[in-house]
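What follows is the content of upload-v8.cif (mmCIF, C-alpha atoms).
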```
data_input
loop_
_atom_site.label_atom_id
_atom_site.label_comp_id
_atom_site.auth_asym_id
_atom_site.auth_seq_id
_atom_site.Cartn_x
_atom_site.Cartn_y
_atom_site.Cartn_z
CA SER G 1 0.00 0.00 0.00
CA PRO G 2 1.39 3.48 -0.84
CA ASP G 3 0.42 4.73 2.60
CA LEU G 4 2.33 2.08 4.52
CA VAL G 5 5.94 3.14 4.69
CA THR G 6 8.55 0.91 6.28
CA SER G 7 11.86 2.37 7.40
CA SER G 8 14.94 0.15 7.44
CA TYR G 9 17.00 2.56 9.52
CA HIS G 10 17.94 1.08 12.88
CA THR G 11 19.76 4.03 14.40
CA GLN G 12 18.83 7.19 12.53
CA GLU G 13 16.29 8.81 10.26
CA PRO G 14 17.05 9.87 6.68
CA LYS G 15 18.77 13.24 6.62
CA ALA G 16 16.57 14.71 3.90
CA GLN G 17 14.27 17.43 5.20
CA PRO G 18 10.85 18.43 3.86
CA ALA G 19 11.10 20.72 0.85
CA PRO G 20 10.32 24.35 1.73
CA ALA G 21 6.84 25.46 0.76
CA SER G 22 6.67 27.74 -2.26
CA VAL G 23 5.43 31.30 -1.81
CA GLY G 24 2.26 30.38 -3.67
CA GLU G 25 1.61 27.37 -1.47
CA THR G 26 2.18 29.42 1.68
CA GLN G 27 -0.28 32.07 0.49
CA ARG G 28 -2.83 29.39 -0.41
CA ARG G 29 -2.73 27.94 3.11
CA HIS G 30 -2.96 31.37 4.67
CA CYS G 31 -6.15 32.12 2.73
CA LEU G 32 -7.89 28.83 3.48
CA GLY G 33 -10.63 28.73 6.08
CA PRO G 34 -10.55 25.99 8.74
CA LEU G 35 -13.20 23.89 6.98
CA ALA G 36 -11.18 23.85 3.75
CA MET G 37 -7.93 22.76 5.40
CA LEU G 38 -6.64 19.24 5.88
CA TYR G 39 -5.52 18.48 9.43
CA SER G 40 -2.79 15.88 9.90
CA VAL G 41 -2.57 14.27 13.34
CA ILE G 42 0.82 12.66 13.96
CA LEU G 43 0.62 9.85 16.54
CA PRO G 44 3.91 8.24 17.58
CA THR G 45 3.21 4.79 19.03
CA TYR G 46 5.08 2.20 21.05
CA ASN G 47 2.98 -0.51 22.68
CA GLU G 48 -0.32 1.33 22.20
CA ARG G 49 -2.38 -1.60 20.87
CA VAL G 50 -5.24 -0.95 23.28
CA ASN G 51 -5.15 2.86 23.16
CA LEU G 52 -4.75 3.38 19.40
CA PRO G 53 -8.28 2.37 18.28
CA LEU G 54 -9.80 4.40 21.12
CA ILE G 55 -7.92 7.62 20.35
CA PHE G 56 -8.53 7.14 16.62
CA TYR G 57 -12.27 6.77 17.11
CA MET G 58 -12.32 9.89 19.32
CA LEU G 59 -10.44 11.83 16.65
CA HIS G 60 -12.69 10.55 13.87
CA ASP G 61 -15.81 11.45 15.85
CA MET G 62 -14.56 14.96 16.65
CA PHE G 63 -13.40 15.77 13.11
CA THR G 64 -16.57 14.36 11.56
CA LYS G 65 -18.92 16.30 13.85
CA SER G 66 -16.86 19.47 13.33
CA GLY G 67 -16.96 19.11 9.55
CA LEU G 68 -13.16 19.11 9.31
CA LYS G 69 -10.98 17.12 6.90
CA TYR G 70 -8.36 14.98 8.58
CA GLU G 71 -5.79 12.23 8.36
CA VAL G 72 -4.02 10.35 11.16
CA VAL G 73 -0.36 9.47 10.64
CA VAL G 74 0.66 6.55 12.86
CA VAL G 75 4.43 6.31 13.41
CA ASP G 76 5.13 2.97 15.07
CA ASP G 77 8.55 1.98 16.39
CA SER G 78 8.31 -1.81 16.06
CA SER G 79 5.92 -2.21 18.99
CA PRO G 80 6.14 -5.78 20.31
CA ASP G 81 2.43 -5.72 21.23
CA ASN G 82 1.37 -5.61 17.54
CA THR G 83 0.27 -1.97 17.50
CA LEU G 84 1.17 -1.97 13.80
CA GLU G 85 -1.45 -4.64 13.07
CA VAL G 86 -4.09 -2.55 14.83
CA ALA G 87 -3.09 0.46 12.69
CA LYS G 88 -3.45 -1.64 9.55
CA SER G 89 -6.91 -2.75 10.66
CA LEU G 90 -7.96 0.88 11.19
CA LYS G 91 -6.70 1.74 7.73
CA SER G 92 -8.70 -1.12 6.19
CA VAL G 93 -11.87 0.17 7.86
CA PHE G 94 -11.48 3.95 7.52
CA GLY G 95 -9.44 4.08 4.31
CA SER G 96 -6.08 5.44 3.22
CA GLU G 97 -7.45 8.99 3.08
CA HIS G 98 -7.78 8.91 6.87
CA VAL G 99 -4.95 6.61 7.96
CA LYS G 100 -1.27 6.64 6.98
CA ILE G 101 1.24 4.31 8.59
CA LEU G 102 4.99 4.62 9.03
CA SER G 103 6.64 1.52 10.49
CA ARG G 104 10.18 2.04 11.76
CA LYS G 105 12.72 -0.62 12.64
CA GLY G 106 13.62 -0.12 16.29
CA LYS G 107 12.67 2.32 19.02
CA LEU G 108 14.01 5.54 17.53
CA GLY G 109 12.43 8.11 19.82
CA LEU G 110 9.65 10.67 19.97
CA GLY G 111 11.39 13.58 18.25
CA THR G 112 12.42 11.62 15.17
CA ALA G 113 8.90 10.14 15.02
CA TYR G 114 7.45 13.63 14.54
CA VAL G 115 10.06 14.44 11.87
CA ALA G 116 9.35 11.19 10.03
CA GLY G 117 5.59 11.60 10.32
CA LEU G 118 5.71 15.13 8.92
CA LYS G 119 7.44 13.86 5.78
CA ILE G 120 4.43 11.75 4.80
CA ALA G 121 1.73 14.02 6.22
CA SER G 122 -0.34 15.95 3.68
CA GLY G 123 -2.05 18.41 6.02
CA ASP G 124 -2.15 22.19 5.83
CA ARG G 125 -2.02 22.15 9.63
CA ILE G 126 -0.26 19.63 11.84
CA ILE G 127 -1.42 18.34 15.23
CA LEU G 128 1.04 16.61 17.56
CA MET G 129 -0.46 14.64 20.43
CA ASP G 130 -0.03 11.47 22.46
CA ALA G 131 -1.70 8.20 21.49
CA ASP G 132 -2.26 7.08 25.10
CA LEU G 133 -5.54 9.00 25.70
CA SER G 134 -3.77 11.66 27.79
CA HIS G 135 -4.85 14.31 25.28
CA HIS G 136 -8.57 14.54 24.53
CA PRO G 137 -9.47 15.53 20.94
CA LYS G 138 -12.34 17.68 22.27
CA PHE G 139 -9.82 20.51 22.75
CA ILE G 140 -8.81 20.58 19.08
CA PRO G 141 -11.72 22.77 17.81
CA GLN G 142 -10.86 25.37 20.44
CA MET G 143 -7.19 25.24 19.41
CA ILE G 144 -8.22 25.81 15.79
CA LYS G 145 -10.42 28.75 16.82
CA VAL G 146 -7.60 30.35 18.82
CA MET G 147 -5.16 29.90 15.92
CA ASP G 148 -7.55 31.59 13.49
CA GLU G 149 -8.39 34.46 15.85
CA GLY G 150 -4.70 35.07 16.46
CA LYS G 151 -3.43 38.38 17.71
CA GLY G 152 -3.20 41.80 16.09
CA GLY G 153 -4.97 40.62 12.96
CA GLU G 154 -2.52 37.78 12.34
CA LYS G 155 -3.13 34.09 12.95
CA PHE G 156 -0.99 32.30 15.53
CA ASN G 157 1.73 30.07 14.12
CA ILE G 158 1.39 27.61 17.01
CA VAL G 159 -1.32 26.86 19.54
CA SER G 160 -0.20 24.88 22.57
CA GLY G 161 -2.40 22.98 24.97
CA THR G 162 -1.47 24.05 28.49
CA ARG G 163 -1.99 22.43 31.88
CA TYR G 164 -0.78 25.54 33.71
CA ARG G 165 -3.31 28.24 32.91
CA LYS G 166 -6.72 28.77 34.47
CA GLY G 167 -9.03 26.04 33.24
CA GLY G 168 -6.22 23.55 32.65
CA GLY G 169 -4.98 20.78 34.91
CA VAL G 170 -3.87 17.20 35.40
CA ALA G 171 -5.84 14.11 36.41
CA GLY G 172 -4.39 10.88 37.74
CA TRP G 173 -0.90 12.01 38.73
CA ASP G 174 0.58 11.50 42.16
CA PHE G 175 2.36 14.30 44.01
CA LYS G 176 5.82 13.20 42.81
CA ARG G 177 4.82 13.34 39.14
CA LYS G 178 3.14 16.74 39.55
CA LEU G 179 6.23 18.08 41.33
CA THR G 180 8.50 16.77 38.57
CA SER G 181 6.42 18.42 35.84
CA ARG G 182 6.06 21.72 37.71
CA GLY G 183 9.79 21.75 38.45
CA ALA G 184 10.69 21.07 34.83
CA ASN G 185 8.48 23.91 33.63
CA PHE G 186 9.72 26.33 36.29
CA LEU G 187 13.37 25.69 35.38
CA ALA G 188 12.65 26.18 31.68
CA GLN G 189 10.68 29.38 32.31
CA PHE G 190 13.43 30.78 34.52
CA LEU G 191 16.33 29.91 32.21
CA LEU G 192 14.80 30.34 28.75
CA ASN G 193 11.68 32.55 29.02
CA PRO G 194 10.12 31.05 25.87
CA GLY G 195 6.77 32.84 26.15
CA ALA G 196 4.57 29.83 26.89
CA SER G 197 3.25 28.35 30.13
CA ASP G 198 3.56 24.62 29.33
CA LEU G 199 6.89 23.72 27.79
CA THR G 200 6.90 19.95 28.20
CA GLY G 201 3.39 19.30 26.91
CA SER G 202 3.15 17.70 23.47
CA PHE G 203 -0.46 18.57 22.54
CA ARG G 204 -0.05 21.30 19.93
CA LEU G 205 -1.43 22.65 16.67
CA TYR G 206 1.01 24.04 14.11
CA ASP G 207 0.62 25.71 10.77
CA ARG G 208 2.61 23.57 8.39
CA ASP G 209 5.08 26.22 7.27
CA SER G 210 6.11 26.93 10.87
CA ILE G 211 6.75 23.34 11.92
CA GLU G 212 8.66 22.64 8.71
CA LYS G 213 10.98 25.54 9.56
CA ILE G 214 11.43 24.54 13.22
CA LEU G 215 11.87 20.77 13.17
CA PRO G 216 15.19 20.70 11.27
CA LEU G 217 16.66 22.94 14.01
CA VAL G 218 15.67 20.74 16.95
CA LYS G 219 18.46 18.58 18.38
CA SER G 220 16.99 17.49 21.72
CA LYS G 221 15.47 14.10 22.41
CA GLY G 222 12.68 13.02 24.73
CA TYR G 223 10.68 15.63 26.64
CA ALA G 224 13.23 18.38 25.95
CA PHE G 225 12.19 18.11 22.30
CA GLN G 226 8.89 19.88 23.04
CA MET G 227 10.65 22.65 24.94
CA GLU G 228 13.20 23.27 22.21
CA ILE G 229 10.47 23.67 19.59
CA LEU G 230 9.03 26.66 21.46
CA VAL G 231 12.46 28.17 22.07
CA HIS G 232 13.23 28.12 18.34
CA ALA G 233 9.73 29.40 17.54
CA LYS G 234 10.18 32.44 19.76
CA LYS G 235 13.66 33.09 18.36
CA ALA G 236 12.21 33.01 14.83
CA GLY G 237 9.52 35.54 15.77
CA MET G 238 6.65 33.07 15.57
CA THR G 239 3.53 33.65 17.64
CA ILE G 240 2.16 31.15 20.17
CA GLY G 241 -1.41 30.93 21.44
CA GLU G 242 -2.57 28.73 24.31
CA VAL G 243 -5.67 26.70 25.18
CA PRO G 244 -6.15 25.29 28.70
CA ILE G 245 -6.45 21.49 28.61
CA THR G 246 -6.88 18.68 31.11
CA PHE G 247 -4.11 16.10 30.86
CA VAL G 248 -5.29 12.63 31.92
CA ASP G 249 -2.75 10.02 32.98
CA ARG G 250 -2.80 6.94 30.77
CA LEU G 251 -5.34 4.25 31.63
CA TYR G 252 -3.67 1.42 29.67
CA GLY G 253 0.02 0.63 29.31
CA GLU G 254 3.07 2.02 31.05
CA SER G 255 4.34 5.60 31.15
CA LYS G 256 7.48 6.29 29.07
CA LEU G 257 8.78 8.78 31.68
CA GLY G 258 11.77 7.46 33.63
CA ALA G 259 15.04 8.60 35.14
CA ASN G 260 16.72 8.59 31.74
CA GLU G 261 14.09 10.95 30.30
CA ILE G 262 14.54 13.35 33.21
CA ILE G 263 18.32 13.38 32.71
CA LEU G 264 17.91 14.00 28.98
CA TYR G 265 15.53 16.87 29.73
CA LEU G 266 17.99 18.55 32.11
CA LYS G 267 20.83 18.14 29.62
CA GLY G 268 18.69 19.63 26.87
CA LEU G 269 17.63 22.52 29.08
CA LEU G 270 21.22 23.45 29.94
CA GLN G 271 22.32 23.12 26.34
CA LEU G 272 19.58 25.49 25.20
CA PHE G 273 20.45 27.95 27.97
CA PHE G 274 24.08 28.17 26.84
CA THR G 275 23.47 28.09 23.08
CA THR G 276 20.30 30.15 22.43
#
```

Entire entry expressed as structure tokens:
Amino acid sequence: SPDLVTSSYHTQEPKAQPAPASVGETQRRHCLGPLAMLYSVILPTYNERVNLPLIFYMLHDMFTKSGLKYEVVVVDDSSPDNTLEVAKSLKSVFGSEHVKILSRKGKLGLGTAYVAGLKIASGDRIILMDADLSHHPKFIPQMIKVMDEGKGGEKFNIVSGTRYRKGGGVAGWDFKRKLTSRGANFLAQFLLNPGASDLTGSFRLYDRDSIEKILPLVKSKGYAFQMEILVHAKKAGMTIGEVPITFVDRLYGESKLGANEIILYLKGLLQLFFTT
């Protein structure tokens, strides 16, 4: 199938980057209304066999009721629980216009999954979110509205879901996890001042031109990847809107956050502080 792409790279992604959008293409996207646009949702997966059909159905239901065109790009890193087979089943039911699949050999990481997914995504706008039901699709229409309203007569380049503004929050975390997240955000705010309240969250809406410019610049891995995106966006003069969201801890499967991810985040934070 043309929409099932299998990567044979075990340690790295291809170096080729998405071709820059032409001036005409950029103007076309800027003039489109939200109902005319195609929204690409990139879902990195690793052992999400149970969660994937649930989050896909929620996305399908939301987009259909909102009258929005969409596709879901599943980027699976050789999940041993057969997540890939579930993705193929979804594609057989909902069609290739709604489901694209990228199967990668080995667990290559979250950041490279977004880069790889963007290469096969066709959307005018790109949504990054988790596949584990932590991010509810019901917030997407509000994110679209905020992007289109923008500021000063211009649309926002990025709209970020935030747990740390009035109306946002977290459900299902213990005190230790909340403290870790708050501490990570406080350190990033203090050292980098990136102009957003939730730097480690991954639920975001991007206009395609902006994310294509930013992703080739990002070097961090893990949770620092999300933070670095906003740092580069601010440096490039891009505008960021926010929508309060409720983050719900995963119901099925195990969290990917561990000591190694925390260390990588701190290393990425310090590197950004000294280099940007």

Neighbour residues at most 12 Å from (10.5, 25.9, 21.8) (all atoms listed in the file) as a ChimeraX atom specification: /G:158,160,188-189,192-202,204,210-211,214-215,217-220,223-240,268-269,272-273,276

Contacts of Gly33 of chain G at 12 Å (all atoms listed in the file; same-chain gap of 4+ positions) as a PyMOL selection string: chain G and resi 28-29+37-39+68-69+124-125+144-145+147-149+155

Restricted to C-alpha atoms, what would the selected residues look like written as a compact mmCIF listing (two decimals), in the frame of the given file?
```
# COMPACT_ATOMS: atom_id res chain seq x y z
CA ARG G 28 -2.83 29.39 -0.41
CA ARG G 29 -2.73 27.94 3.11
CA MET G 37 -7.93 22.76 5.40
CA LEU G 38 -6.64 19.24 5.88
CA TYR G 39 -5.52 18.48 9.43
CA LEU G 68 -13.16 19.11 9.31
CA LYS G 69 -10.98 17.12 6.90
CA ASP G 124 -2.15 22.19 5.83
CA ARG G 125 -2.02 22.15 9.63
CA ILE G 144 -8.22 25.81 15.79
CA LYS G 145 -10.42 28.75 16.82
CA MET G 147 -5.16 29.90 15.92
CA ASP G 148 -7.55 31.59 13.49
CA GLU G 149 -8.39 34.46 15.85
CA LYS G 155 -3.13 34.09 12.95
```

The PyMOL selection byres ((chain G and resi 100) around 9) resolved against shown file, as JSON, numbers by chain: {"G": [2, 3, 4, 5, 71, 72, 73, 74, 75, 87, 88, 91, 95, 96, 97, 98, 99, 101, 102, 120, 121]}

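Distances from G:Lys166, G:His136, G:Lys221, G:Arg208 to Gly123 of chain G were compared using only C-alpha atoms, and the smallest one belongs to G:Arg208.
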
Using only C-alpha atoms, what residues lie at most 7 Å away from (-4.1, 17.9, 19.9) (file coordinates), given as an mmCIF file with C-alpha atoms, keeping the file's coordinate frame?
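Result saved to point.cif:
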```
data_model
loop_
_atom_site.group_PDB
_atom_site.id
_atom_site.type_symbol
_atom_site.label_atom_id
_atom_site.label_comp_id
_atom_site.auth_asym_id
_atom_site.auth_seq_id
_atom_site.Cartn_x
_atom_site.Cartn_y
_atom_site.Cartn_z
ATOM 1 C CA ILE G 127 -1.420 18.340 15.230
ATOM 2 C CA LEU G 128 1.040 16.610 17.560
ATOM 3 C CA MET G 129 -0.460 14.640 20.430
ATOM 4 C CA HIS G 135 -4.850 14.310 25.280
ATOM 5 C CA PRO G 137 -9.470 15.530 20.940
ATOM 6 C CA PHE G 139 -9.820 20.510 22.750
ATOM 7 C CA ILE G 140 -8.810 20.580 19.080
ATOM 8 C CA PHE G 203 -0.460 18.570 22.540
ATOM 9 C CA ARG G 204 -0.050 21.300 19.930
ATOM 10 C CA LEU G 205 -1.430 22.650 16.670
#
```

Closest of G:Thr246, G:Ser40, G:Asn82, G:Ser181 to Phe63 of chain G - atom-to-atom distances counting only C-alpha atoms: G:Ser40

Option closest in space to Val115 of chain G, from G:Glu154, G:Glu48, G:Asp76, G:Glu212 [counting all atoms listed in the file]: G:Glu212

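Taking atom CA of Leu52 of chain G as the reference point, atom CA of Ala131 of chain G is found at 6.1 Å.
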
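When all atoms listed in the file are used to compute distances to Tyr70 of chain G, the closest of the residues G:Thr83, G:Thr45, G:Ile55, G:Ser122 turns out to be G:Ser122.
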
Atom CA of Glu242 of chain G to atom CA of Leu179 of chain G, straight-line distance in Å: 21.9 Å

Shortest interatomic distance to Gly109 of chain G - which of G:Pro44, G:Gly150, G:Leu133, G:Ser89, counting only C-alpha atoms: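 For Gly109 of chain G, the nearest of the candidates is G:Pro44.
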
Point-to-point distance in Å for atom CA of Tyr46 of chain G and atom CA of Ala113 of chain G: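 Atom-to-atom, atom CA of Ala113 of chain G to atom CA of Tyr46 of chain G, that is 10.7 Å.
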
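Among G:Val41, G:Val170, G:Leu187, G:Leu108, the residue with the shortest atom-to-atom distance to Leu270 of chain G, counting only C-alpha atoms, is G:Leu187.
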
Padded axis-aligned box of segment 138-154 of chain G (4 Å per side), centre and edge lengths, Å, one decimal, as JSON:
```
{"center_x": -7.4, "center_y": 29.7, "center_z": 17.5, "size_x": 17.8, "size_y": 32.1, "size_z": 18.4}
```

Resolved residues for the PyMOL selection byres ((chain G and resi 168) around 6) as a PyMOL selection string: chain G and resi 163-167+169+244-246
